[in-house]
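Here is the file query_35.cif (mmCIF, C-alpha atoms and all ligand atoms).
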data_coords
loop_
_atom_site.label_atom_id
_atom_site.label_comp_id
_atom_site.auth_asym_id
_atom_site.auth_seq_id
_atom_site.Cartn_x
_atom_site.Cartn_y
_atom_site.Cartn_z
CA MET E 1 171.83 64.85 93.24
CA SER E 2 174.14 62.40 91.48
CA VAL E 3 172.96 59.22 89.78
CA ALA E 4 174.65 57.19 92.52
CA GLN E 5 172.84 59.13 95.24
CA ALA E 6 169.55 58.76 93.42
CA SER E 7 169.96 55.00 93.14
CA THR E 8 171.01 54.70 96.80
CA GLY E 9 167.85 56.65 97.62
CA GLN E 10 165.76 54.13 95.68
CA LEU E 11 167.58 51.30 97.39
CA LYS E 12 166.74 52.78 100.78
CA ASP E 13 163.10 53.19 99.82
CA ALA E 14 163.08 49.50 98.88
CA ILE E 15 164.72 48.59 102.20
CA GLY E 16 162.11 50.57 104.13
CA ALA E 17 159.29 48.82 102.29
CA ARG E 18 160.94 45.43 102.84
CA VAL E 19 161.13 45.97 106.62
CA ASP E 20 157.45 47.03 106.63
CA ALA E 21 156.58 43.79 104.83
CA LEU E 22 158.66 41.74 107.29
CA ARG E 23 157.26 43.49 110.33
CA PRO E 24 154.49 40.98 111.22
CA GLU E 25 157.03 38.12 111.26
CA LEU E 26 159.55 40.18 113.24
CA GLU E 27 156.92 41.24 115.77
CA ARG E 28 155.68 37.71 116.27
CA ILE E 29 159.20 36.48 117.08
CA GLY E 30 159.80 39.56 119.25
CA HIS E 31 156.66 38.75 121.22
CA ASP E 32 157.61 35.08 121.54
CA ILE E 33 161.08 35.94 122.86
CA HIS E 34 159.56 38.52 125.25
CA ALA E 35 157.01 36.01 126.56
CA ASN E 36 159.59 33.22 126.96
CA PRO E 37 162.63 34.85 128.59
CA GLU E 38 165.82 32.78 128.56
CA ILE E 39 168.94 33.85 130.44
CA GLY E 40 172.47 33.97 129.01
CA TYR E 41 173.69 30.83 127.22
CA GLU E 42 170.26 29.21 127.60
CA GLU E 43 168.53 31.09 124.74
CA ARG E 44 167.62 27.95 122.77
CA ARG E 45 164.12 28.89 121.71
CA ALA E 46 165.10 32.43 120.71
CA VAL E 47 167.90 31.02 118.55
CA ALA E 48 165.57 28.44 116.97
CA TRP E 49 162.99 31.12 116.05
CA LEU E 50 165.55 33.57 114.67
CA THR E 51 167.54 31.03 112.67
CA GLU E 52 164.35 29.54 111.21
CA LEU E 53 163.37 33.00 110.00
CA LEU E 54 166.81 33.67 108.53
CA LYS E 55 166.89 30.31 106.73
CA LYS E 56 163.45 30.99 105.30
CA HIS E 57 164.87 34.20 103.84
CA GLY E 58 167.81 32.52 102.15
CA PHE E 59 170.56 32.74 104.78
CA SER E 60 172.88 29.83 105.38
CA VAL E 61 173.00 29.39 109.13
CA ASP E 62 175.67 27.94 111.37
CA VAL E 63 174.42 27.38 114.94
CA GLY E 64 176.71 26.51 117.86
CA ILE E 65 179.76 28.46 116.68
CA ALA E 66 182.59 29.14 119.17
CA ASN E 67 181.55 26.00 121.10
CA THR E 68 178.49 27.90 122.23
CA PRO E 69 175.15 26.22 121.49
CA THR E 70 173.21 29.51 121.48
CA ALA E 71 175.56 31.48 119.22
CA PHE E 72 175.07 31.54 115.46
CA VAL E 73 176.17 33.20 112.28
CA ALA E 74 173.81 33.57 109.33
CA THR E 75 175.25 34.55 105.94
CA ARG E 76 174.06 35.76 102.57
CA ARG E 77 176.42 37.00 99.92
CA ASN E 78 176.45 38.09 96.32
CA GLY E 79 179.73 38.65 94.53
CA THR E 80 182.53 40.43 96.31
CA GLY E 81 182.13 43.50 98.44
CA PRO E 82 182.26 44.61 102.05
CA THR E 83 180.97 42.44 104.90
CA VAL E 84 178.34 44.07 107.09
CA ALA E 85 177.28 42.33 110.32
CA PHE E 86 174.15 42.97 112.37
CA LEU E 87 174.45 41.68 115.92
CA SER E 88 171.47 40.03 117.51
CA GLU E 89 171.17 39.83 121.32
CA TYR E 90 168.37 37.79 122.88
CA ASP E 91 169.19 37.01 126.52
CA ALA E 92 166.92 38.02 129.39
CA LEU E 93 167.76 39.33 132.85
CA ARG E 94 167.85 36.93 135.76
CA GLY E 95 164.60 37.36 137.69
CA LEU E 96 163.22 40.13 135.44
CA GLY E 97 162.77 38.73 131.94
CA HIS E 98 163.20 41.15 129.03
CA GLY E 99 163.67 44.26 131.17
CA CYS E 100 166.51 45.29 128.83
CA GLY E 101 164.53 44.83 125.61
CA HIS E 102 166.86 42.34 123.92
CA ASN E 103 163.83 40.82 122.16
CA LEU E 104 163.75 44.06 120.12
CA ILE E 105 167.50 43.90 119.40
CA ALA E 106 167.12 40.30 118.22
CA THR E 107 164.43 41.06 115.66
CA ALA E 108 165.76 44.46 114.57
CA SER E 109 169.09 42.92 113.59
CA ALA E 110 167.45 39.93 111.89
CA GLY E 111 165.11 42.29 110.01
CA ALA E 112 167.98 44.59 109.00
CA GLY E 113 169.95 41.60 107.75
CA ILE E 114 167.10 40.22 105.66
CA ALA E 115 166.16 43.61 104.19
CA LEU E 116 169.76 44.40 103.24
CA ALA E 117 170.44 40.90 101.89
CA ASP E 118 167.35 41.15 99.69
CA ALA E 119 169.02 44.18 98.07
CA LEU E 120 172.32 42.36 97.38
CA ASP E 121 171.59 42.01 93.67
CA ARG E 122 171.97 45.79 93.40
CA THR E 123 175.02 46.20 95.67
CA PRO E 124 177.30 43.18 95.96
CA GLY E 125 178.75 42.20 99.29
CA ARG E 126 178.10 39.97 102.25
CA VAL E 127 175.51 40.35 105.01
CA LEU E 128 175.87 38.55 108.32
CA VAL E 129 173.44 38.29 111.19
CA ILE E 130 175.48 37.18 114.18
CA GLY E 131 173.62 35.72 117.14
CA THR E 132 175.47 36.84 120.26
CA PRO E 133 174.25 35.23 123.52
CA ALA E 134 174.71 36.27 127.15
CA GLU E 135 175.17 40.04 126.99
CA GLU E 136 173.80 40.48 130.53
CA GLY E 137 176.84 38.74 131.99
CA GLY E 138 178.76 35.94 130.34
CA GLY E 139 180.15 37.93 127.42
CA GLY E 140 179.00 35.95 124.39
CA LYS E 141 180.58 38.44 122.00
CA ILE E 142 183.97 37.96 123.68
CA ARG E 143 183.80 34.24 122.91
CA LEU E 144 182.93 35.01 119.29
CA ILE E 145 185.82 37.47 119.00
CA ARG E 146 188.21 34.81 120.32
CA ALA E 147 186.82 32.29 117.83
CA GLY E 148 187.70 34.71 115.00
CA ILE E 149 184.10 35.39 113.93
CA PHE E 150 184.81 39.10 113.43
CA GLN E 151 188.00 38.65 111.41
CA GLU E 152 186.27 39.25 108.08
CA VAL E 153 183.71 41.77 109.32
CA ASP E 154 184.08 45.33 108.01
CA ALA E 155 181.42 46.92 110.23
CA ALA E 156 179.42 45.55 113.18
CA MET E 157 176.13 47.20 114.04
CA MET E 158 173.17 46.86 116.38
CA PHE E 159 170.74 49.10 118.23
CA HIS E 160 169.68 49.08 121.88
CA PRO E 161 166.28 50.20 123.17
CA ASP E 162 166.44 53.09 125.64
CA THR E 163 164.50 56.13 126.81
CA ARG E 164 166.45 58.33 124.36
CA THR E 165 167.06 58.19 120.64
CA GLN E 166 170.78 58.84 120.44
CA VAL E 167 173.41 57.90 117.89
CA LEU E 168 176.52 57.87 120.07
CA HIS E 169 176.65 55.66 123.12
CA TRP E 170 179.09 55.42 125.99
CA ALA E 171 179.60 52.19 127.91
CA LEU E 172 181.86 51.44 130.88
CA ALA E 173 184.45 48.71 131.20
CA VAL E 174 183.24 46.16 133.74
CA THR E 175 184.56 43.19 135.71
CA HIS E 176 182.14 40.68 137.18
CA MET E 177 183.28 39.10 140.45
CA HIS E 178 181.77 36.32 142.58
CA PHE E 179 182.61 36.09 146.29
CA GLU E 180 182.21 33.42 148.91
CA PHE E 181 183.07 33.77 152.62
CA ILE E 182 183.29 30.54 154.63
CA GLY E 183 183.19 30.73 158.43
CA ARG E 184 181.97 28.25 161.05
CA ALA E 185 178.43 27.59 162.25
CA ALA E 186 177.62 27.66 165.97
CA HIS E 187 174.63 28.22 168.27
CA ALA E 188 174.28 31.99 168.13
CA SER E 189 173.27 32.20 171.80
CA GLY E 190 174.76 29.07 173.39
CA ASP E 191 178.18 28.92 171.71
CA PRO E 192 178.86 32.26 170.00
CA GLU E 193 182.60 32.12 170.74
CA LYS E 194 182.85 28.91 168.73
CA GLY E 195 181.46 30.49 165.59
CA ILE E 196 183.05 32.41 162.70
CA ASN E 197 180.51 34.76 161.19
CA ALA E 198 180.50 34.86 157.40
CA LEU E 199 177.76 37.49 157.38
CA ASP E 200 180.02 39.81 159.39
CA ALA E 201 182.66 39.34 156.73
CA PHE E 202 180.18 40.37 154.05
CA VAL E 203 179.05 43.42 156.08
CA LEU E 204 182.67 44.55 156.48
CA ALA E 205 183.32 44.10 152.76
CA TYR E 206 180.11 45.89 151.84
CA ASN E 207 180.95 48.83 154.07
CA GLY E 208 184.52 48.93 152.79
CA ILE E 209 183.27 49.12 149.21
CA SER E 210 180.73 51.80 150.19
CA LEU E 211 183.54 53.91 151.68
CA LEU E 212 185.78 53.38 148.66
CA ARG E 213 183.05 54.83 146.43
CA GLN E 214 183.84 58.31 147.76
CA GLN E 215 187.42 58.13 146.50
CA VAL E 216 186.91 56.96 142.93
CA LYS E 217 187.11 58.82 139.61
CA ASP E 218 183.96 60.17 137.98
CA GLY E 219 181.89 57.51 136.31
CA ALA E 220 183.23 54.54 138.28
CA ARG E 221 180.53 52.27 139.68
CA LEU E 222 180.73 49.59 142.39
CA HIS E 223 177.62 47.54 143.06
CA GLY E 224 176.53 44.06 143.95
CA PHE E 225 174.29 41.84 146.00
CA LEU E 226 174.22 39.14 148.64
CA LYS E 227 172.88 35.80 147.41
CA GLU E 228 173.28 33.70 150.56
CA GLY E 229 173.24 35.46 153.93
CA GLY E 230 172.68 32.62 156.38
CA THR E 231 170.05 30.01 157.09
CA ALA E 232 168.49 30.75 160.52
CA PRO E 233 168.68 33.53 163.14
CA ASN E 234 169.95 31.14 165.82
CA ILE E 235 172.85 29.85 163.75
CA ILE E 236 175.95 31.97 163.17
CA PRO E 237 176.06 32.22 159.36
CA GLU E 238 178.66 29.81 158.08
CA ARG E 239 178.57 30.85 154.47
CA THR E 240 177.78 33.98 152.49
CA SER E 241 178.06 34.50 148.78
CA GLY E 242 177.15 37.00 146.12
CA GLU E 243 178.36 39.01 143.16
CA PHE E 244 179.85 42.45 142.55
CA LEU E 245 180.48 44.52 139.45
CA VAL E 246 183.35 47.00 139.18
CA ARG E 247 182.96 49.55 136.38
CA ALA E 248 185.06 52.43 135.07
CA ARG E 249 185.48 54.49 131.92
CA ASP E 250 188.59 52.63 130.85
CA GLN E 251 189.99 49.21 131.41
CA ALA E 252 193.19 50.33 133.15
CA TYR E 253 191.34 52.24 135.87
CA MET E 254 188.80 49.44 136.22
CA GLU E 255 191.67 47.03 136.93
CA GLU E 256 193.04 49.42 139.56
CA LEU E 257 189.63 49.41 141.26
CA VAL E 258 189.32 45.64 141.03
CA GLN E 259 192.57 45.38 143.01
CA LYS E 260 191.19 47.72 145.68
CA VAL E 261 187.96 45.75 145.94
CA LYS E 262 189.96 42.51 146.21
CA ASN E 263 191.94 44.06 149.09
CA ILE E 264 188.69 44.96 150.84
CA PHE E 265 187.37 41.40 150.56
CA GLN E 266 190.69 40.02 151.86
CA ALA E 267 190.70 42.49 154.75
CA ALA E 268 187.16 41.43 155.70
CA ALA E 269 188.19 37.77 155.63
CA LEU E 270 191.23 38.49 157.79
CA ALA E 271 189.24 40.56 160.29
CA THR E 272 186.62 37.86 160.83
CA GLY E 273 188.72 34.73 160.41
CA CYS E 274 186.72 33.56 157.41
CA SER E 275 188.21 32.05 154.34
CA LEU E 276 187.50 33.80 151.06
CA LYS E 277 187.00 32.60 147.51
CA LEU E 278 186.93 35.22 144.73
CA THR E 279 186.30 34.23 141.15
CA PHE E 280 186.00 36.32 138.00
CA ASP E 281 184.10 36.02 134.74
CA GLU E 282 186.42 35.00 131.94
CA GLU E 283 187.25 38.41 130.49
CA PRO E 284 186.07 41.93 131.35
CA TYR E 285 183.84 44.00 129.07
CA VAL E 286 185.72 47.04 127.80
CA ASP E 287 184.54 50.57 127.03
CA LEU E 288 182.61 51.24 123.82
CA ARG E 289 184.29 53.09 120.94
CA ASN E 290 181.92 55.01 118.72
CA ASN E 291 182.89 54.99 115.05
CA GLY E 292 182.16 58.49 113.77
CA VAL E 293 181.78 57.44 110.11
CA LEU E 294 179.15 54.80 110.90
CA ALA E 295 177.48 57.20 113.34
CA ARG E 296 177.12 59.96 110.73
CA LEU E 297 175.61 57.56 108.19
CA PHE E 298 173.23 56.11 110.76
CA GLU E 299 172.12 59.56 111.88
CA GLU E 300 171.17 60.50 108.30
CA ASN E 301 169.24 57.26 107.97
CA LEU E 302 167.44 57.78 111.27
CA ARG E 303 166.25 61.14 109.96
CA ARG E 304 165.20 59.44 106.73
CA VAL E 305 162.87 57.14 108.73
CA GLY E 306 161.49 60.20 110.53
CA LEU E 307 163.36 60.15 113.83
CA ASP E 308 165.19 63.07 115.36
CA PRO E 309 168.01 61.89 117.64
CA VAL E 310 169.13 63.91 120.66
CA GLU E 311 172.73 64.95 121.19
CA GLY E 312 174.23 62.56 123.70
CA VAL E 313 175.93 63.70 126.90
CA PRO E 314 179.11 61.61 127.18
CA TRP E 315 178.90 58.97 129.94
CA GLU E 316 175.45 60.01 131.14
CA ASN E 317 173.52 57.01 132.52
CA ALA E 318 176.20 54.66 131.21
CA GLY E 319 176.00 50.90 131.57
CA SER E 320 178.28 48.32 129.98
CA THR E 321 178.09 45.99 127.01
CA ASP E 322 180.22 43.32 125.38
CA MET E 323 179.66 45.32 122.18
CA GLY E 324 182.48 47.40 123.72
CA ASN E 325 184.86 44.50 123.07
CA VAL E 326 183.61 44.23 119.48
CA SER E 327 184.21 47.98 119.02
CA HIS E 328 187.91 47.45 119.83
CA VAL E 329 188.16 44.84 117.06
CA VAL E 330 186.16 46.31 114.14
CA PRO E 331 184.35 49.61 113.40
CA ALA E 332 181.14 49.45 115.43
CA LEU E 333 177.82 51.18 115.91
CA HIS E 334 175.59 50.89 119.01
CA PRO E 335 172.93 53.63 118.91
CA THR E 336 169.81 53.75 121.06
CA LEU E 337 166.17 54.30 120.09
CA SER E 338 163.57 55.47 122.56
CA ILE E 339 160.85 53.03 123.60
CA ALA E 340 159.75 54.69 126.86
CA SER E 341 159.51 58.10 128.56
CA ALA E 342 162.57 59.61 130.23
CA ASP E 343 161.43 58.75 133.78
CA VAL E 344 161.52 54.99 133.11
CA ALA E 345 164.56 53.12 134.49
CA GLY E 346 166.40 50.47 132.53
CA HIS E 347 166.24 46.94 133.99
CA SER E 348 162.81 47.65 135.52
CA GLN E 349 159.27 46.33 135.26
CA ALA E 350 158.26 49.45 133.31
CA PHE E 351 161.06 48.89 130.78
CA LEU E 352 160.00 45.24 130.50
CA GLU E 353 156.50 46.39 129.57
CA ALA E 354 157.85 48.95 127.08
CA SER E 355 159.88 46.19 125.43
CA GLY E 356 156.65 44.39 124.56
CA SER E 357 154.63 47.48 123.66
CA PRO E 358 153.55 48.89 120.26
CA ARG E 359 156.05 51.73 120.80
CA GLY E 360 158.78 49.14 121.36
CA TYR E 361 157.96 47.36 118.10
CA GLN E 362 157.82 50.64 116.22
CA ALA E 363 161.38 51.39 117.44
CA MET E 364 162.41 47.86 116.43
CA ALA E 365 161.13 48.47 112.86
CA ASP E 366 162.69 51.95 112.66
CA ALA E 367 166.01 50.56 113.92
CA ALA E 368 165.91 47.69 111.40
CA LYS E 369 165.40 50.21 108.58
CA ALA E 370 168.11 52.64 109.68
CA LEU E 371 170.60 49.80 110.31
CA ALA E 372 169.91 48.19 106.92
CA MET E 373 170.16 51.58 105.16
CA THR E 374 173.52 52.18 106.84
CA GLY E 375 174.62 48.77 105.57
CA ALA E 376 173.41 49.80 102.10
CA ASP E 377 175.53 52.96 102.28
CA LEU E 378 178.61 50.83 102.98
CA LEU E 379 177.92 48.23 100.28
CA ALA E 380 177.08 50.88 97.67
CA ASP E 381 180.23 52.87 98.38
CA PRO E 382 183.09 50.76 99.78
CA SER E 383 185.20 53.93 100.21
CA LEU E 384 182.98 54.60 103.25
CA VAL E 385 184.16 51.28 104.71
CA GLU E 386 187.73 52.48 104.22
CA GLN E 387 186.92 55.78 105.94
CA ALA E 388 185.38 53.89 108.87
CA LYS E 389 188.54 51.78 109.13
CA VAL E 390 190.80 54.82 109.01
CA GLU E 391 188.84 56.32 111.88
CA PHE E 392 188.89 52.98 113.74
CA ARG E 393 192.68 52.83 113.52
CA ARG E 394 192.99 56.46 114.59
CA THR E 395 190.97 56.08 117.84
ZN ZN X 401 170.80 45.26 130.26
ZN ZN X 402 170.80 45.35 127.16
#
Just give me the structure as structure tokens.
Ligand SMILES: [Zn+2]
Ligand SMILES: [Zn+2]
Amino acid sequence: MSVAQASTGQLKDAIGARVDALRPELERIGHDIHANPEIGYEERRAVAWLTELLKKHGFSVDVGIANTPTAFVATRRNGTGPTVAFLSEYDALRGLGHGCGHNLIATASAGAGIALADALDRTPGRVLVIGTPAEEGGGGKIRLIRAGIFQEVDAAMMFHPDTRTQVLHWALAVTHMHFEFIGRAAHASGDPEKGINALDAFVLAYNGISLLRQQVKDGARLHGFLKEGGTAPNIIPERTSGEFLVRARDQAYMEELVQKVKNIFQAAALATGCSLKLTFDEEPYVDLRNNGVLARLFEENLRRVGLDPVEGVPWENAGSTDMGNVSHVVPALHPTLSIASADVAGHSQAFLEASGSPRGYQAMADAAKALAMTGADLLADPSLVEQAKVEFRRT
């Protein structure tokens, strides 16, 4: 073992001990976020708790970046060296609370940032904790990319809770669409011929999308829900509205599918005589690029904290994330750590409970350690940053 390796080993031991010491504070904030779910762009309390913690540990904090009140960047630096960013998500799911475990992401990234920043006297560089709102729709990270927040970032990292501990992660490109059919109300028994049925339009569109599903490439996903379906059984529904997501393994094919789904909605409007309004979230999420250099370092560090990751099956059980967009801008890492047994579904009551469980907080602490240690690898040996960038440019 070289002297450099030995000292990096000592540094990592110190980082592990630092996260253990921080754990009560991290858990308390994790519990508070879990117990007070806030949906995308409304995460005011989560941001207040996290930024208060980061300030207490010497970070300078800028809240409300990118014209977004619940986005922040917290910075600590010492001398010149690479810039490592840990991304903190904290939004909840509409109607389900923290059924995606973002309370654990929030505190793992804050803990990783503090533990690594406390080691900056030994390895100069800059540590950022970036607060990225609205991952579950809304695309907070896309706003931050547009505002230039990632321009000086050399590596962006976070973890996501899951049922598997896995270093590589695959995420689909996704477009979020909102539809509205407007027809005409009429007495459903007395004057049916005077009505235009907006629920019929939705049923046609829904069936059209269901049929399309049989003719799509592997991995594509089309799903949505009806928000307004009418007001009374004796009134022909005048208005229906809802949302659909169109997902695929790459952006180009996703856009092809979006056009087909648009055609289906237009056909349903034409067939029923309804008018149609389709709107789209600002910018789609794109697929996630795994950076192999960061992944290899993280895997070693996971083993160092005593975890044994499984080999991932590409695209298995894939969702989407705006971390995908970040991964097209800078070298990125988005591994998963297990917090629940394999039979538990994401976005479910059981996953919500796991996100507030002792096992969940253990994964949060393990993730904070392995993320901070990966940051330490990069700060201690900037040639690794260069390698990550070479791979980023190659893929
Ligand atoms: Zn989710
Ligand atoms: Zn999530």
Identify, on the basis of all atoms listed in the file, every residue whose closest approach to region 247-249 of chain E does not exceed 7 Å; exclude the query and any residue fewer than 2 positions from it along the same chain; express the result as a ChimeraX atom specification. /E:172-175,219-222,245,251,253-254,287
Applying 12 Å and only C-alpha atoms, which residues near Gly306 (chain E) remain after dropping the ones on its own chain fewer than 2 positions away? List them as a PyMOL selection string. chain E and resi 16+165+299-304+308-309+362-363+365-367+369-370
One residue among E:Tyr41, E:Met373, E:Arg394, E:Ile65 is nearest to Ala14 (chain E) when using all atoms listed in the file, and that residue is E:Met373
Hey, which bits of chain E sit within 7 Å of ligand ZN 402 (chain X), and for each residue what's the closest pair of atoms and how far apart in Å (one decimal), counting only C-alpha atoms and all ligand atoms, rows by chain and increasing number, as a Markdown table?
| residue | atom | partner | partner_atom | distance |
| --- | --- | --- | --- | --- |
| E:Cys100 | CA | X:ZN402 | ZN | 4.6 |
| E:Gly101 | CA | X:ZN402 | ZN | 6.5 |
| E:His102 | CA | X:ZN402 | ZN | 5.9 |
| E:Glu135 | CA | X:ZN402 | ZN | 6.9 |
| E:Glu136 | CA | X:ZN402 | ZN | 6.6 |
| E:His160 | CA | X:ZN402 | ZN | 6.6 |
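Closest to ligand ZN 401 (chain X) among E:Gly183, E:Gly242, E:Gly319, E:Pro358 is E:Gly319, based on all atoms listed in the file.
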For CA of Phe72 (chain E) and CA of Met177 (chain E), quote the distance in Å rounded to one decimal.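 Value for the CA of Phe72 (chain E)-CA of Met177 (chain E) distance: 27.4 Å.
Our summary of the geometry notes that CA of Leu352 (chain E) is positioned 16.7 Å from CA of Arg28 (chain E).
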